[in-house]
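Notes follow once the structure below has been shown.
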Amino acid sequence: MASGGPEPNQAPGKEPPRPGSVRPTSRRLLIAIAVLGAAIGVTMVKAIESGGGVAPAVSWLTLIAWTFLAALLFMAARNTHQRIQVRRERIEPSRAVFLLLIAKASAFVGALCTGVYAGFALSFLDAVSASGPRNRVIMAGAAAVVSVLVVTAGLLLERACRIPEDPDETP
């Protein structure tokens, strides 16, 4: 459009995305995914127990793996931020797309797992006075917290992938 006004389907005050650009991950979408995950977690525990089975417990290995993933993502976000934002280095487009893909996938999967683990914890919360359910609540709650760290690291990596505005090009 040649006119200076917003496009018909666009909110006023927001400029259209540049061609070839990717919109930042919506926080509302991540919250909706986490709520959906919580519903899945609660439903899964109830379905397993109503069938006479025992709901799975979150293991230490799960916590270690999620923590390792979060640490890797935080390091990748820091390194990418240093290269692109601070030192203003150019990186290969395929590498930038790969990092952005990893960032977005980590945020989405982390949000889903946050909800599922929170749903697990909520399912056993009513019997927290007993030792077994208490351990399940603690482990599932810790996994939910670590999953939030994965979401945060994914969002930081996504932000680090932004191309900085060139100060020479601004009028």
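In the structure tokens, each chain is lettered A, B, ... as it comes, each chain's residues begin at 1, and ligands are numbered from 1 in order of appearance.
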
Sorted per-residue table, region 97-123 of chain A near region 32-43 of chain A, closest atoms and distance, 8 Å, only C-alpha atoms, as JSON lines:
{"residue": "A:Phe108", "atom": "CA", "partner": "A:Ile33", "partner_atom": "CA", "distance": 7.4}
{"residue": "A:Ala111", "atom": "CA", "partner": "A:Ala34", "partner_atom": "CA", "distance": 4.9}
{"residue": "A:Leu112", "atom": "CA", "partner": "A:Gly37", "partner_atom": "CA", "distance": 4.9}
{"residue": "A:Cys113", "atom": "CA", "partner": "A:Gly37", "partner_atom": "CA", "distance": 6.5}
{"residue": "A:Thr114", "atom": "CA", "partner": "A:Ala34", "partner_atom": "CA", "distance": 6.0}
{"residue": "A:Gly115", "atom": "CA", "partner": "A:Ala38", "partner_atom": "CA", "distance": 4.0}
{"residue": "A:Val116", "atom": "CA", "partner": "A:Gly41", "partner_atom": "CA", "distance": 4.3}
{"residue": "A:Tyr117", "atom": "CA", "partner": "A:Gly41", "partner_atom": "CA", "distance": 6.6}
{"residue": "A:Ala118", "atom": "CA", "partner": "A:Ala38", "partner_atom": "CA", "distance": 5.8}
{"residue": "A:Gly119", "atom": "CA", "partner": "A:Ala38", "partner_atom": "CA", "distance": 4.2}
{"residue": "A:Phe120", "atom": "CA", "partner": "A:Gly41", "partner_atom": "CA", "distance": 5.3}
{"residue": "A:Leu122", "atom": "CA", "partner": "A:Val42", "partner_atom": "CA", "distance": 7.1}
{"residue": "A:Ser123", "atom": "CA", "partner": "A:Val42", "partner_atom": "CA", "distance": 5.7}

N, CA, C and O atoms of the current selection, written as a PDB file, in the first residue's frame:
ATOM      1  N   PHE A 108       7.664 -23.808  22.660  1.00  0.00           N
ATOM      2  CA  PHE A 108       6.379 -24.513  22.565  1.00  0.00           C
ATOM      3  C   PHE A 108       6.380 -25.826  23.350  1.00  0.00           C
ATOM      4  O   PHE A 108       5.445 -26.102  24.109  1.00  0.00           O
ATOM      5  N   ALA A 111       6.491 -25.161  27.075  1.00  0.00           N
ATOM      6  CA  ALA A 111       5.191 -24.726  27.605  1.00  0.00           C
ATOM      7  C   ALA A 111       4.246 -25.910  27.777  1.00  0.00           C
ATOM      8  O   ALA A 111       3.557 -26.024  28.797  1.00  0.00           O
ATOM      9  N   LEU A 112       4.217 -26.807  26.794  1.00  0.00           N
ATOM     10  CA  LEU A 112       3.364 -27.986  26.901  1.00  0.00           C
ATOM     11  C   LEU A 112       3.783 -28.861  28.078  1.00  0.00           C
ATOM     12  O   LEU A 112       2.945 -29.297  28.880  1.00  0.00           O
ATOM     13  N   CYS A 113       5.073 -29.099  28.224  1.00  0.00           N
ATOM     14  CA  CYS A 113       5.567 -29.935  29.330  1.00  0.00           C
ATOM     15  C   CYS A 113       5.373 -29.254  30.676  1.00  0.00           C
ATOM     16  O   CYS A 113       5.103 -29.928  31.673  1.00  0.00           O
ATOM     17  N   THR A 114       5.482 -27.933  30.720  1.00  0.00           N
ATOM     18  CA  THR A 114       5.197 -27.208  31.961  1.00  0.00           C
ATOM     19  C   THR A 114       3.776 -27.525  32.412  1.00  0.00           C
ATOM     20  O   THR A 114       3.538 -27.835  33.585  1.00  0.00           O
ATOM     21  N   GLY A 115       2.845 -27.446  31.478  1.00  0.00           N
ATOM     22  CA  GLY A 115       1.459 -27.741  31.820  1.00  0.00           C
ATOM     23  C   GLY A 115       1.239 -29.183  32.226  1.00  0.00           C
ATOM     24  O   GLY A 115       0.541 -29.463  33.203  1.00  0.00           O
ATOM     25  N   VAL A 116       1.829 -30.119  31.482  1.00  0.00           N
ATOM     26  CA  VAL A 116       1.650 -31.543  31.806  1.00  0.00           C
ATOM     27  C   VAL A 116       2.211 -31.837  33.197  1.00  0.00           C
ATOM     28  O   VAL A 116       1.545 -32.502  34.015  1.00  0.00           O
ATOM     29  N   TYR A 117       3.411 -31.352  33.481  1.00  0.00           N
ATOM     30  CA  TYR A 117       3.999 -31.598  34.810  1.00  0.00           C
ATOM     31  C   TYR A 117       3.192 -30.915  35.910  1.00  0.00           C
ATOM     32  O   TYR A 117       3.017 -31.471  36.999  1.00  0.00           O
ATOM     33  N   ALA A 118       2.694 -29.711  35.639  1.00  0.00           N
ATOM     34  CA  ALA A 118       1.850 -29.039  36.631  1.00  0.00           C
ATOM     35  C   ALA A 118       0.560 -29.818  36.843  1.00  0.00           C
ATOM     36  O   ALA A 118       0.069 -29.942  37.973  1.00  0.00           O
ATOM     37  N   GLY A 119       0.006 -30.392  35.769  1.00  0.00           N
ATOM     38  CA  GLY A 119      -1.191 -31.227  35.888  1.00  0.00           C
ATOM     39  C   GLY A 119      -0.927 -32.474  36.715  1.00  0.00           C
ATOM     40  O   GLY A 119      -1.764 -32.878  37.534  1.00  0.00           O
ATOM     41  N   PHE A 120       0.246 -33.069  36.504  1.00  0.00           N
ATOM     42  CA  PHE A 120       0.626 -34.216  37.344  1.00  0.00           C
ATOM     43  C   PHE A 120       0.671 -33.800  38.811  1.00  0.00           C
ATOM     44  O   PHE A 120       0.135 -34.491  39.677  1.00  0.00           O
ATOM     45  N   LEU A 122      -0.773 -31.307  40.326  1.00  0.00           N
ATOM     46  CA  LEU A 122      -2.116 -30.999  40.832  1.00  0.00           C
ATOM     47  C   LEU A 122      -2.922 -32.267  41.110  1.00  0.00           C
ATOM     48  O   LEU A 122      -3.734 -32.305  42.038  1.00  0.00           O
ATOM     49  N   SER A 123      -2.704 -33.306  40.318  1.00  0.00           N
ATOM     50  CA  SER A 123      -3.447 -34.557  40.498  1.00  0.00           C
ATOM     51  C   SER A 123      -3.137 -35.227  41.828  1.00  0.00           C
ATOM     52  O   SER A 123      -3.995 -35.896  42.394  1.00  0.00           O
TER      53      SER A 123
END

What lies within 10 Å of Ser59 (chain A) using only C-alpha atoms, ignoring chain neighbours under 6 positions off, as a JSON list (two decimals) with N, CA and C atoms, in the first residue's frame?
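Contents of result-v2.json, freshly written:
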[["chain", "number", "residue", "atom", "x", "y", "z"],
["A", 136, "ARG", "N", 5.79, -37.33, 44.46],
["A", 136, "ARG", "CA", 5.31, -37.09, 43.10],
["A", 136, "ARG", "C", 5.03, -35.62, 42.86],
["A", 139, "MET", "N", 8.50, -33.77, 42.67],
["A", 139, "MET", "CA", 9.22, -34.04, 41.42],
["A", 139, "MET", "C", 8.51, -33.42, 40.22],
["A", 140, "ALA", "N", 7.18, -33.54, 40.16],
["A", 140, "ALA", "CA", 6.44, -32.95, 39.05],
["A", 140, "ALA", "C", 6.51, -31.42, 39.10],
["A", 143, "ALA", "N", 9.89, -30.42, 37.88],
["A", 143, "ALA", "CA", 9.95, -30.56, 36.42],
["A", 143, "ALA", "C", 9.21, -29.42, 35.73]]

What residues in region 41-152 of chain A get the DSSP label helix (DSSP H, G or I)? Please answer as number ranges by chain. A: 41-50, 60-86, 93-127, 131-152

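Near Asn135 (chain A), within 10 Å and counting only C-alpha atoms, sit Ala57, Val58, Ala121, Phe124, Val128, Ala130, Ser131, Met139, Ala140 and Gly141 of chain A, not including residues fewer than 4 positions from it in the same chain.
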
Would you save the residues of that selection, restricted to C-alpha atoms, as a PDB file, in the first residue's frame?
ATOM      1  CA  ALA A  57       6.226 -40.653  38.283  1.00  0.00           C
ATOM      2  CA  VAL A  58       8.727 -38.014  37.189  1.00  0.00           C
ATOM      3  CA  ALA A 121       1.470 -32.229  40.478  1.00  0.00           C
ATOM      4  CA  PHE A 124      -1.522 -35.745  43.542  1.00  0.00           C
ATOM      5  CA  VAL A 128       0.164 -34.784  49.728  1.00  0.00           C
ATOM      6  CA  ALA A 130       1.393 -39.361  52.342  1.00  0.00           C
ATOM      7  CA  SER A 131       5.036 -39.868  51.393  1.00  0.00           C
ATOM      8  CA  MET A 139       9.224 -34.040  41.419  1.00  0.00           C
ATOM      9  CA  ALA A 140       6.443 -32.948  39.046  1.00  0.00           C
ATOM     10  CA  GLY A 141       6.575 -29.401  40.438  1.00  0.00           C
TER      11      GLY A 141
END

Pick out the residues sitting within 8 Å of region 77-81 of chain A, and hand them over as a VMD selection string; count only C-alpha atoms, and ignore anything fewer than 5 positions along from it in its own chain. chain A and resid 86 153 to 154 156 to 158 160 to 161
